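Structure data follow from model.tsv (TSV, C-alpha atoms):
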chain	number	residue	atom	x	y	z
L	7	MET	CA	5.01	9.38	-2.88
L	8	ASP	CA	4.61	8.43	-6.49
L	9	SER	CA	0.98	8.60	-7.52
L	10	ALA	CA	0.91	9.39	-11.19
L	11	LEU	CA	-0.42	7.14	-13.93
L	12	SER	CA	1.83	7.58	-16.91
L	13	ASP	CA	2.33	6.16	-20.34
L	14	PRO	CA	5.24	6.92	-22.66
L	15	HIS	CA	4.16	8.44	-25.95
L	16	ASN	CA	3.96	5.88	-28.71
L	17	GLY	CA	7.06	5.98	-30.86
L	18	SER	CA	9.26	7.73	-28.28
L	19	ALA	CA	11.81	6.42	-25.82
L	20	GLU	CA	10.64	6.39	-22.21
L	21	ALA	CA	12.57	8.53	-19.76
L	22	GLY	CA	14.91	6.46	-17.68
L	23	SER	CA	15.38	3.80	-20.34
L	24	PRO	CA	18.70	3.19	-22.09
L	25	ALA	CA	19.59	5.84	-24.59
L	26	SER	CA	18.96	4.92	-28.18
L	27	ASN	CA	19.19	6.68	-31.50
L	28	THR	CA	16.13	4.86	-32.78
L	29	THR	CA	12.62	5.40	-31.59
L	30	ARG	CA	10.41	2.57	-30.45
L	31	PRO	CA	7.74	1.36	-32.85
L	32	PRO	CA	4.25	2.43	-31.78
L	33	SER	CA	2.41	0.02	-29.50
L	34	THR	CA	-0.48	-1.91	-30.98
L	35	PRO	CA	-4.05	-1.25	-29.76
L	36	GLU	CA	-4.13	-4.79	-28.39
L	37	GLY	CA	-0.91	-4.24	-26.44
L	38	ILE	CA	-2.16	-0.94	-25.00
L	39	ALA	CA	-5.50	-2.51	-23.97
L	40	LEU	CA	-3.67	-5.43	-22.33
L	41	ALA	CA	-1.37	-3.07	-20.40
L	42	TYR	CA	-4.20	-0.84	-19.16
L	43	GLY	CA	-6.41	-3.78	-18.24
L	44	SER	CA	-3.58	-5.49	-16.37
L	45	LEU	CA	-2.77	-2.33	-14.39
L	46	LEU	CA	-6.43	-1.99	-13.44
L	47	LEU	CA	-6.63	-5.61	-12.32
L	48	MET	CA	-3.37	-5.39	-10.36
L	49	ALA	CA	-4.66	-2.27	-8.59
L	50	LEU	CA	-7.90	-3.98	-7.55
L	51	LEU	CA	-6.33	-7.09	-6.03
L	52	PRO	CA	-4.46	-5.48	-3.11
L	53	ILE	CA	-7.41	-3.20	-2.34
L	54	PHE	CA	-9.93	-6.05	-2.18
L	55	PHE	CA	-7.82	-8.54	-0.25
L	56	GLY	CA	-6.11	-5.85	1.83
L	57	ALA	CA	-9.50	-4.55	2.96
L	58	LEU	CA	-10.61	-8.05	3.99
L	59	ARG	CA	-7.36	-8.62	5.87
L	60	SER	CA	-7.69	-5.22	7.58
L	61	VAL	CA	-10.84	-6.50	9.30
L	62	ARG	CA	-8.99	-9.49	10.73
L	63	CYS	CA	-6.05	-7.24	11.57
L	64	ALA	CA	-8.29	-4.88	13.58
L	65	ARG	CA	-9.70	-7.83	15.53
L	66	GLY	CA	-6.40	-9.69	15.90
L	67	LYS	CA	-4.32	-9.82	19.04
L	68	ASN	CA	-0.96	-10.62	17.47
L	69	ALA	CA	1.51	-7.91	18.48
L	70	SER	CA	3.31	-8.17	15.14
L	71	ASP	CA	0.14	-7.32	13.17
L	72	VAL	CA	-1.13	-4.31	15.13
L	73	PRO	CA	-2.28	-1.69	12.59
L	74	GLU	CA	-0.97	1.86	12.49
L	75	THR	CA	-3.84	4.31	12.99
L	76	ILE	CA	-3.84	7.59	11.03
L	77	THR	CA	-5.37	10.54	12.89
L	78	SER	CA	-6.65	13.81	11.44
L	79	ARG	CA	-3.40	15.53	12.43
L	80	ASP	CA	-1.39	12.87	10.60
L	81	ALA	CA	-3.65	13.23	7.56
L	82	ALA	CA	-3.23	17.02	7.46
L	83	ARG	CA	0.58	16.78	7.62
L	84	PHE	CA	0.93	13.91	5.16
L	85	PRO	CA	0.74	15.95	1.89
L	86	ILE	CA	3.41	18.34	3.21
L	87	ILE	CA	5.73	15.50	4.19
L	88	ALA	CA	5.09	13.74	0.87
L	89	SER	CA	5.87	16.94	-1.05
L	90	CYS	CA	9.14	17.48	0.80
L	91	THR	CA	10.14	13.86	0.19
L	92	LEU	CA	9.25	14.04	-3.50
L	93	LEU	CA	11.14	17.30	-4.03
L	94	GLY	CA	14.12	15.94	-2.10
L	95	LEU	CA	14.28	12.87	-4.33
L	96	TYR	CA	14.01	15.07	-7.42
L	97	LEU	CA	16.95	17.24	-6.29
L	98	PHE	CA	19.00	14.16	-5.41
L	99	PHE	CA	18.51	12.80	-8.91
L	100	LYS	CA	19.51	16.15	-10.39
L	101	ILE	CA	22.63	16.64	-8.24
L	102	PHE	CA	24.00	13.13	-7.68
L	103	SER	CA	24.57	10.17	-9.96
L	104	GLN	CA	21.33	8.33	-10.62
L	105	GLU	CA	23.22	5.02	-10.67
L	106	TYR	CA	24.49	5.29	-7.07
L	107	ILE	CA	21.17	6.57	-5.71
L	108	ASN	CA	19.29	3.67	-7.26
L	109	LEU	CA	21.89	1.23	-5.92
L	110	LEU	CA	21.23	2.39	-2.35
L	111	LEU	CA	17.47	2.40	-2.89
L	112	SER	CA	17.60	-1.07	-4.42
L	113	MET	CA	19.27	-2.48	-1.30
L	114	TYR	CA	16.75	-0.72	0.94
L	115	PHE	CA	13.71	-1.94	-0.97
L	116	PHE	CA	15.29	-5.38	-1.35
L	117	VAL	CA	14.99	-5.86	2.43
L	118	LEU	CA	11.56	-4.19	2.72
L	119	GLY	CA	10.22	-6.09	-0.27
L	120	ILE	CA	11.22	-9.48	1.15
L	121	LEU	CA	9.53	-8.72	4.47
L	122	ALA	CA	6.39	-7.36	2.79
L	123	LEU	CA	6.08	-10.27	0.36
L	124	SER	CA	6.66	-12.78	3.16
L	125	HIS	CA	3.86	-11.21	5.22
L	126	THR	CA	1.60	-11.20	2.17
L	127	ILE	CA	1.96	-14.86	1.20
L	128	SER	CA	2.06	-16.21	4.76
L	129	PRO	CA	-1.75	-16.81	5.12
L	130	PHE	CA	-1.88	-18.62	1.77
L	131	MET	CA	1.21	-20.72	2.46
L	132	ASN	CA	-0.06	-21.76	5.90
L	133	LYS	CA	-2.92	-23.62	4.21
L	134	LEU	CA	-0.46	-25.65	2.14
L	135	PHE	CA	1.61	-26.96	5.02
L	136	PRO	CA	0.60	-30.47	6.20
L	137	ALA	CA	-0.58	-30.93	9.79
L	138	SER	CA	2.57	-32.95	10.53
L	139	PHE	CA	4.86	-30.04	9.62
L	140	PRO	CA	7.24	-29.34	12.56
L	141	ASN	CA	6.31	-25.77	13.41
L	142	ARG	CA	8.18	-23.96	16.16
L	143	GLN	CA	7.41	-20.57	17.65
L	144	TYR	CA	9.98	-17.76	17.87
L	145	GLN	CA	10.00	-14.21	19.19
L	146	LEU	CA	12.33	-11.38	18.23
L	147	LEU	CA	12.42	-8.98	21.18
L	148	PHE	CA	14.52	-5.82	21.40
L	149	THR	CA	13.95	-3.58	24.43
L	150	GLN	CA	15.25	-0.29	25.74
L	151	GLY	CA	15.77	0.59	29.43
L	152	THR	CA	15.38	-1.56	32.52
L	153	GLY	CA	12.76	-2.25	35.18
L	154	GLU	CA	9.62	-0.13	34.97
L	155	ASN	CA	11.23	2.03	32.25
L	156	LYS	CA	11.70	-0.93	29.89
L	157	GLU	CA	10.16	-0.25	26.50
L	158	ASP	CA	9.74	-2.62	23.57
L	159	ILE	CA	11.44	-1.39	20.42
L	160	ILE	CA	10.90	-4.58	18.40
L	161	ASN	CA	8.49	-7.32	19.48
L	162	TYR	CA	7.89	-9.67	16.57
L	163	GLU	CA	6.47	-13.18	16.87
L	164	PHE	CA	6.98	-15.70	14.07
L	165	ASP	CA	7.26	-19.44	13.46
L	166	THR	CA	8.93	-21.95	11.17
L	167	LYS	CA	6.28	-21.45	8.48
L	168	ASP	CA	7.09	-17.74	8.42
L	169	LEU	CA	10.76	-18.59	7.89
L	170	VAL	CA	9.82	-20.73	4.87
L	171	CYS	CA	7.83	-17.78	3.45
L	172	LEU	CA	10.82	-15.53	4.10
L	173	GLY	CA	13.07	-17.91	2.16
L	174	LEU	CA	10.69	-17.99	-0.84
L	175	SER	CA	10.40	-14.19	-0.79
L	176	SER	CA	14.19	-13.91	-0.71
L	177	ILE	CA	14.34	-15.73	-4.06
L	178	VAL	CA	12.12	-13.02	-5.57
L	179	GLY	CA	14.29	-10.40	-3.87
L	180	VAL	CA	17.49	-11.72	-5.42
L	181	TRP	CA	15.75	-11.89	-8.82
L	182	TYR	CA	14.70	-8.26	-8.48
L	183	LEU	CA	18.12	-7.14	-7.26
L	184	LEU	CA	19.99	-8.82	-10.11
L	185	ARG	CA	17.62	-8.32	-13.03
L	186	LYS	CA	15.21	-5.52	-12.04
L	187	HIS	CA	12.63	-7.54	-13.95
L	188	TRP	CA	9.19	-5.98	-14.16
L	189	ILE	CA	7.47	-9.12	-12.80
L	190	ALA	CA	9.63	-9.08	-9.66
L	191	ASN	CA	8.97	-5.33	-9.38
L	192	ASN	CA	5.23	-5.97	-9.51
L	193	LEU	CA	5.37	-8.76	-6.94
L	194	PHE	CA	7.02	-6.39	-4.48
L	195	GLY	CA	4.70	-3.54	-5.47
L	196	LEU	CA	1.60	-5.66	-4.91
L	197	ALA	CA	2.97	-6.80	-1.54
L	198	PHE	CA	3.65	-3.20	-0.46
L	199	SER	CA	0.15	-2.17	-1.54
L	200	LEU	CA	-1.64	-5.03	0.22
L	201	ASN	CA	0.34	-4.49	3.42
L	202	GLY	CA	-0.43	-0.77	3.29
L	203	VAL	CA	-4.18	-1.31	2.93
L	204	GLU	CA	-4.14	-3.97	5.64
L	205	LEU	CA	-1.98	-2.25	8.26
L	206	LEU	CA	-2.71	1.48	7.76
L	207	HIS	CA	-6.07	2.32	9.34
L	208	LEU	CA	-7.93	5.63	9.25
L	209	ASN	CA	-9.61	6.38	12.58
L	210	ASN	CA	-12.75	7.87	10.98
L	211	VAL	CA	-14.28	8.99	7.69
L	212	SER	CA	-13.47	12.68	8.31
L	213	THR	CA	-9.78	11.81	8.58
L	214	GLY	CA	-10.07	9.91	5.31
L	215	CYS	CA	-11.61	12.95	3.61
L	216	ILE	CA	-8.80	15.17	4.93
L	217	LEU	CA	-6.13	12.75	3.70
L	218	LEU	CA	-7.65	12.20	0.27
L	219	GLY	CA	-8.44	15.90	-0.16
L	220	GLY	CA	-4.89	16.95	0.72
L	221	LEU	CA	-3.33	14.38	-1.59
L	222	PHE	CA	-5.79	15.39	-4.32
L	223	ILE	CA	-4.17	18.85	-4.32
L	224	TYR	CA	-0.69	17.32	-3.95
L	225	ASP	CA	-1.19	15.04	-6.94
L	226	VAL	CA	-2.62	17.72	-9.24
L	227	PHE	CA	0.12	20.22	-8.40
L	228	TRP	CA	3.09	17.89	-8.82
L	229	VAL	CA	1.82	16.34	-12.07
L	230	PHE	CA	0.28	19.33	-13.86
L	231	GLY	CA	2.29	22.14	-12.21
L	232	THR	CA	5.75	20.59	-12.59
L	233	ASN	CA	7.57	17.64	-14.12
L	234	VAL	CA	8.86	16.53	-10.71
L	235	MET	CA	6.62	13.52	-10.08
L	236	VAL	CA	6.90	12.03	-13.56
L	237	THR	CA	10.68	12.54	-13.53
L	238	VAL	CA	11.07	10.83	-10.16
L	239	ALA	CA	8.73	7.98	-11.16
L	240	ARG	CA	10.76	7.23	-14.27
L	241	SER	CA	14.18	7.70	-12.62
L	242	PHE	CA	13.37	5.83	-9.42
L	243	GLU	CA	14.37	2.18	-9.90
L	244	ALA	CA	12.42	0.80	-6.98
L	245	PRO	CA	9.11	-1.08	-6.62
L	246	ILE	CA	7.09	2.05	-5.82
L	247	LYS	CA	4.97	1.60	-8.93
L	248	LEU	CA	3.25	-1.15	-10.87
L	249	VAL	CA	4.34	-1.47	-14.49
L	250	PHE	CA	3.12	-3.44	-17.46
L	251	PRO	CA	4.65	-3.51	-20.95
L	252	GLN	CA	2.61	-2.32	-23.88
L	253	ASP	CA	4.79	-4.34	-26.26
L	254	LEU	CA	4.36	-7.66	-24.41
L	255	LEU	CA	2.68	-9.27	-27.41
L	256	GLU	CA	5.65	-8.38	-29.63
L	257	LYS	CA	8.61	-8.94	-27.29
L	258	GLY	CA	7.28	-11.32	-24.64
L	259	LEU	CA	8.72	-11.12	-21.12
L	260	GLU	CA	11.64	-9.00	-22.33
L	261	ALA	CA	9.32	-6.13	-23.32
L	262	ASP	CA	10.42	-2.67	-22.16
L	263	ASN	CA	7.80	-0.08	-23.20
L	264	PHE	CA	5.94	0.33	-19.91
L	265	ALA	CA	2.79	1.99	-18.68
L	266	MET	CA	2.99	2.61	-14.93
L	267	LEU	CA	0.74	3.22	-11.93
L	268	GLY	CA	2.10	4.65	-8.67
L	269	LEU	CA	1.42	2.71	-5.49
L	270	GLY	CA	-0.04	5.87	-3.93
L	271	ASP	CA	-2.98	5.55	-6.31
L	272	ILE	CA	-3.68	2.14	-4.79
L	273	VAL	CA	-2.88	2.51	-1.09
L	274	ILE	CA	-4.45	5.92	-0.41
L	275	PRO	CA	-7.91	5.14	-1.83
L	276	GLY	CA	-7.48	1.56	-0.59
L	277	ILE	CA	-7.23	2.46	3.10
L	278	PHE	CA	-10.39	4.59	2.72
L	279	ILE	CA	-12.24	1.71	1.05
L	280	ALA	CA	-11.04	-0.64	3.82
L	281	LEU	CA	-12.39	1.80	6.43
L	282	LEU	CA	-15.80	1.70	4.76
L	283	LEU	CA	-15.75	-2.09	4.88
L	284	ARG	CA	-15.16	-1.97	8.63
L	285	PHE	CA	-17.94	0.62	8.89
L	286	ASP	CA	-20.27	-1.75	7.01
L	287	ILE	CA	-19.47	-4.49	9.51
L	288	SER	CA	-20.07	-2.14	12.46
L	289	LEU	CA	-23.64	-1.52	11.20
L	290	LYS	CA	-24.36	-5.27	11.68
L	291	LYS	CA	-26.73	-5.39	8.73
L	292	ASN	CA	-24.97	-8.27	6.96
L	293	THR	CA	-24.41	-6.05	3.91
L	294	HIS	CA	-21.28	-4.42	2.52
L	295	THR	CA	-23.01	-1.61	0.65
L	296	TYR	CA	-20.42	1.11	1.25
L	297	PHE	CA	-17.49	-1.20	0.54
L	298	TYR	CA	-18.88	-2.33	-2.81
L	299	THR	CA	-19.95	1.20	-3.69
L	300	SER	CA	-16.47	2.63	-3.02
L	301	PHE	CA	-14.84	-0.34	-4.78
L	302	ALA	CA	-16.98	0.30	-7.87
L	303	ALA	CA	-16.15	4.01	-7.57
L	304	TYR	CA	-12.45	3.17	-7.63
L	305	ILE	CA	-12.89	1.12	-10.81
L	306	PHE	CA	-14.78	4.02	-12.39
L	307	GLY	CA	-12.18	6.60	-11.30
L	308	LEU	CA	-9.15	4.62	-12.46
L	309	GLY	CA	-10.88	3.69	-15.71
L	310	LEU	CA	-11.59	7.38	-16.33
L	311	THR	CA	-7.95	8.19	-15.59
L	312	ILE	CA	-6.75	5.66	-18.16
L	313	PHE	CA	-9.24	6.96	-20.73
L	314	ILE	CA	-8.17	10.61	-20.27
L	315	MET	CA	-4.49	9.67	-20.36
L	316	HIS	CA	-4.95	7.70	-23.57
L	317	ILE	CA	-6.83	10.56	-25.21
L	318	PHE	CA	-4.38	13.35	-24.26
L	319	LYS	CA	-1.17	11.24	-24.29
L	320	HIS	CA	0.00	12.81	-21.03
L	321	ALA	CA	0.63	11.48	-17.53
L	322	GLN	CA	-2.43	12.00	-15.33
L	323	PRO	CA	-2.75	12.58	-11.56
L	324	ALA	CA	-4.97	9.59	-10.86
L	325	LEU	CA	-6.18	11.00	-7.54
L	326	LEU	CA	-7.78	13.84	-9.52
L	327	TYR	CA	-10.39	11.30	-10.62
L	328	LEU	CA	-10.19	8.75	-7.80
L	329	VAL	CA	-10.77	11.09	-4.85
L	330	PRO	CA	-14.10	12.59	-6.00
L	331	ALA	CA	-15.35	9.13	-6.99
L	332	CYS	CA	-14.25	7.27	-3.84
L	333	ILE	CA	-15.64	9.95	-1.51
L	334	GLY	CA	-18.62	11.12	-3.54
L	335	PHE	CA	-20.23	7.77	-4.35
L	336	PRO	CA	-20.36	6.42	-0.74
L	337	VAL	CA	-21.54	9.79	0.65
L	338	LEU	CA	-24.29	9.89	-1.98
L	339	VAL	CA	-25.39	6.38	-0.95
L	340	ALA	CA	-25.35	7.46	2.71
L	341	LEU	CA	-27.55	10.46	1.85
L	342	VAL	CA	-30.06	8.20	0.09
L	343	LYS	CA	-30.11	5.74	3.01
L	344	GLY	CA	-30.14	8.46	5.67
L	345	GLU	CA	-26.91	7.20	7.29
L	346	VAL	CA	-24.64	10.23	6.87
L	347	THR	CA	-24.57	10.86	10.63
L	348	GLU	CA	-23.65	7.24	11.34
L	349	MET	CA	-20.94	7.31	8.69
L	350	PHE	CA	-19.19	10.42	9.99
L	351	SER	CA	-19.61	9.50	13.66
L	352	TYR	CA	-18.01	6.07	13.19
L	353	GLU	CA	-14.72	6.03	15.11
L	354	GLU	CA	-11.98	3.44	15.44
L	355	SER	CA	-9.73	3.39	18.48
L	356	ASN	CA	-5.98	2.89	18.22
L	357	PRO	CA	-5.28	-0.80	18.98
L	358	LYS	CA	-1.85	0.15	20.35
L	359	ASP	CA	-3.43	2.43	22.95
L	360	SER	CA	-5.92	-0.28	23.91
L	361	ALA	CA	-3.15	-2.84	24.28
L	362	ALA	CA	-1.08	-0.46	26.40
L	363	ALA	CA	-4.06	0.24	28.67
L	364	THR	CA	-4.85	-3.44	29.28
L	365	GLU	CA	-1.28	-4.75	29.57
L	366	PRO	CA	0.03	-4.77	33.18
L	367	LYS	CA	3.34	-3.02	33.71
L	368	GLU	CA	6.38	-5.02	34.69
L	369	GLY	CA	6.87	-5.27	38.44
L	370	THR	CA	3.17	-4.90	39.24
L	371	GLU	CA	0.65	-7.56	40.07
L	372	ALA	CA	-3.06	-7.65	39.51
L	373	SER	CA	-4.78	-6.69	42.75
L	374	PRO	CA	-7.49	-9.07	44.02
L	375	SER	CA	-11.06	-7.96	44.11
L	376	LYS	CA	-12.65	-6.81	47.33
L	377	GLY	CA	-14.81	-9.93	47.45
L	378	GLN	CA	-11.73	-12.10	47.09
L	379	GLU	CA	-9.94	-10.21	49.90
L	380	LYS	CA	-12.87	-10.85	52.26
L	381	LYS	CA	-12.96	-14.49	51.29
L	382	ASP	CA	-9.21	-14.84	52.01
L	383	LYS	CA	-9.68	-13.23	55.41

So, in terms of C-alpha cells, how does the structure I just supplied come out?
Amino acid sequence: MDSALSDPHNGSAEAGSPASNTTRPPSTPEGIALAYGSLLLMALLPIFFGALRSVRCARGKNASDVPETITSRDAARFPIIASCTLLGLYLFFKIFSQEYINLLLSMYFFVLGILALSHTISPFMNKLFPASFPNRQYQLLFTQGTGENKEDIINYEFDTKDLVCLGLSSIVGVWYLLRKHWIANNLFGLAFSLNGVELLHLNNVSTGCILLGGLFIYDVFWVFGTNVMVTVARSFEAPIKLVFPQDLLEKGLEADNFAMLGLGDIVIPGIFIALLLRFDISLKKNTHTYFYTSFAAYIFGLGLTIFIMHIFKHAQPALLYLVPACIGFPVLVALVKGEVTEMFSYEESNPKDSAAATEPKEGTEASPSKGQEKKDK
C-alpha cells in the first residue's frame, strides 16, 4: 500500500521520470500552493461522499453493493500483509524490467479502474437519464457446485444505465492506458478511494484503532526507515496515488513535476471517518458531531503533513499525522460529552452473514406456522 505524501525537491528530476541532463527549474510558490491545495481537496472529496454512500450501502439490499466488513483480526494482519506486498513490489522493480512490470500492472488497473469509475458515476448518471429511457435489468451469475452445495461465486445485478456508465468509463480507461495522463490517473484514483470508503466497513471503533495504529507504525517505518515506499510510489505507474503538477501554471496540462498523495492516506482514515458517521446516525440525535470532528481532524492532519514536508523537503508518512488527529479528536469529543462507552460499544454486523442467515437454502421451503397448520386442518 502506498501511503506516503511526497514532493520532488525543487530543481531536481523526480525519480521515475525520463532521464535528463538538465535539472527542472524550481517551482513557483503559486504552483506549489496550487498543487498542495488541489491534493487536499481531492483527498476530501472521496472521504465525504464515500462516507455518505457507506450509510446507504449498509442499509441497501442490493447483492452487488454488500460491503466488506473488516474485523479486529483482519485489522491486526493488514500491516503485515501490506508490508510483504510493498517489499515484494520493491524487489520486483529491482530484479525485473520496470517497463514490463508496469505494462502488466497497467492492464490490471485498466480493468479495475473502469469498474470502479463506473460504480462511482452510476448514481450521478442515473439522475440524467430521462424517464423514457429503455432500461433493462441483467444479472451476471457464476456458481460452483450443484444442489444444496451450490455456492455463488459471482452474483452481480446491473441494468442498461450501468452499461452506459461502463462505456463512458472505458473511454477514460483507454485514455489512461495510451497516455498515462495525470488527469486520467486521478479519475481512477478518486474512484478507487471513494469505492474503498463506501464498501470497506470497520465493525467497531476498536477495530479502527487497531488498523490505524498498525498502519501508523507501517507508514513511519517504510518512509523514514527505508527508501522502499518512496521508490515504489515513484516507479509504480498505476493509479494508486493522486498527483498534481507543481508546474501547471508554466506548462499547462503537459506539466510533469508532480507532488503525490498515496491512496492509503485517503482510504484508511476515510473508512474510520465513515464508521463515525454511521455511529452518529445510530445515536439518533440528528447531529453528525463525530463525523464532522473527524473530518476536520483529517484536514488538520493532512495540512500539517504538507506543511512539514514543505519545510523539510522530504517525503512524509502522512499517517504519522493523520492517525493521532483522526482518533484523538473524536475520542476527546466523546470524553467531553460522556459518550466514550457508547462509542466503543458500537458494533456493526456483517451484512453478508445477515443475508446468509435470512436467505432460504435451495431445495427447502418455508414451513408454515403452527396457527396456519391448524387452520389448514

### Task
Please return, as a list in words, all polymer residues that have at least one atom within 10 Å of the point (-7.3, 5.1, -0.4); use only C-alpha atoms and the file's own coordinate frame.
Ile53, Gly202, Val203, Leu208, Gly214, Cys215, Leu217, Leu218, Gly270, Asp271, Ile272, Val273, Ile274, Pro275, Gly276, Ile277, Phe278, Ile279, Ala280, Leu281, Ser300, Tyr304, Leu325, Leu328, Val329, Cys332 and Ile333 of chain L

- Message: If we count only C-alpha atoms and set the cut-off at 12 Å, which residues sit around stretch 119-125 of chain L, ignoring sequence neighbours fewer than 5 positions away in its own chain? Please answer as a VMD selection string.
- Response: chain L and resid 56 59 70 to 71 111 to 114 130 to 132 164 167 to 183 190 to 202 204 to 205 244 to 246

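Atom CA of L:Val234 lies 23.1 Å from atom CA of L:Leu310.
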
Excluding stretch 106-110 of chain L and its own-chain neighbours fewer than 5 positions away, which residues fall within 8 Å of it when counting only C-alpha atoms? Please give them as an NGL selection string. :L and (98-99 or 242-244)

Take the residues from that selection and put them in a file with C-alpha atoms, as a PDB file, keeping the file's coordinate frame.
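The resulting file, out.pdb, is shown below:
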ATOM      1  CA  PHE L  98      19.000  14.160  -5.410  1.00  0.00           C
ATOM      2  CA  PHE L  99      18.510  12.800  -8.910  1.00  0.00           C
ATOM      3  CA  PHE L 242      13.370   5.830  -9.420  1.00  0.00           C
ATOM      4  CA  GLU L 243      14.370   2.180  -9.900  1.00  0.00           C
ATOM      5  CA  ALA L 244      12.420   0.800  -6.980  1.00  0.00           C
TER       6      ALA L 244
END

Expressed in Å, the length from atom CA of L:Phe55 to atom CA of L:Ile189 is 19.8 Å

Using only C-alpha atoms, the shortest atom-to-atom distance to L:Ala39 among L:Leu248, L:Val226, L:Val211, L:Leu254 belongs to L:Leu254

Next on the checklist: Need the shell around L:Leu47: protein/DNA/RNA residues with any atom at most 12 Å away, counting only C-alpha atoms. Skip same-chain ones fewer than 2 positions apart. Format as a PyMOL selection string?
Outcome noted: chain L and resi 40-45+49-54+196+248-250+267+272+304-305+308-309

### Message
Taking 2 positions as the minimum chain separation for residues in the same chain, which residues sit within 10 Å of L:Ser89 when counting all atoms listed in the file? Answer as a ChimeraX atom specification.
### Response
/L:7,84-87,91-95,221,224-225,227-228,235

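Shortest atom-to-atom contact with L:Leu283 among L:Phe313, L:Phe230, L:Tyr296, L:Phe115: L:Tyr296, counting all atoms listed in the file.
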
In terms of all atoms listed in the file, the residue from L:Trp188, L:Leu289, L:Phe318, L:Glu105 at minimal distance from L:Phe264 is L:Trp188

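Taking atom CA of L:Arg240 and atom CA of L:Lys319 as the two end points, the separation is 16.1 Å.
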
Axis-aligned box for stretch 69-85 of chain L, 4 Å per side, centre and edges in Å as lines of an AutoDock Vina configuration file:
center_x = -1.7
center_y = 4.4
center_z = 10.2
size_x = 18.0
size_y = 33.2
size_z = 24.6

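When only C-alpha atoms are used to compute distances to L:Ile76, the closest of the residues L:Tyr144, L:His207, L:Phe116, L:Leu97 turns out to be L:His207.
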
Considering only C-alpha atoms, return as a ChimeraX atom specification whatever protein or nucleic-acid residues lie within 9 Å of L:Pro336, sequence-local ones (same chain, fewer than 4 positions apart) excluded. /L:282,295-297,299-300,303,331-332,340-341

Counting only C-alpha atoms, closest pick from L:Phe335, L:Tyr162, L:Phe135, L:Phe102 relative to L:Leu147 is L:Tyr162
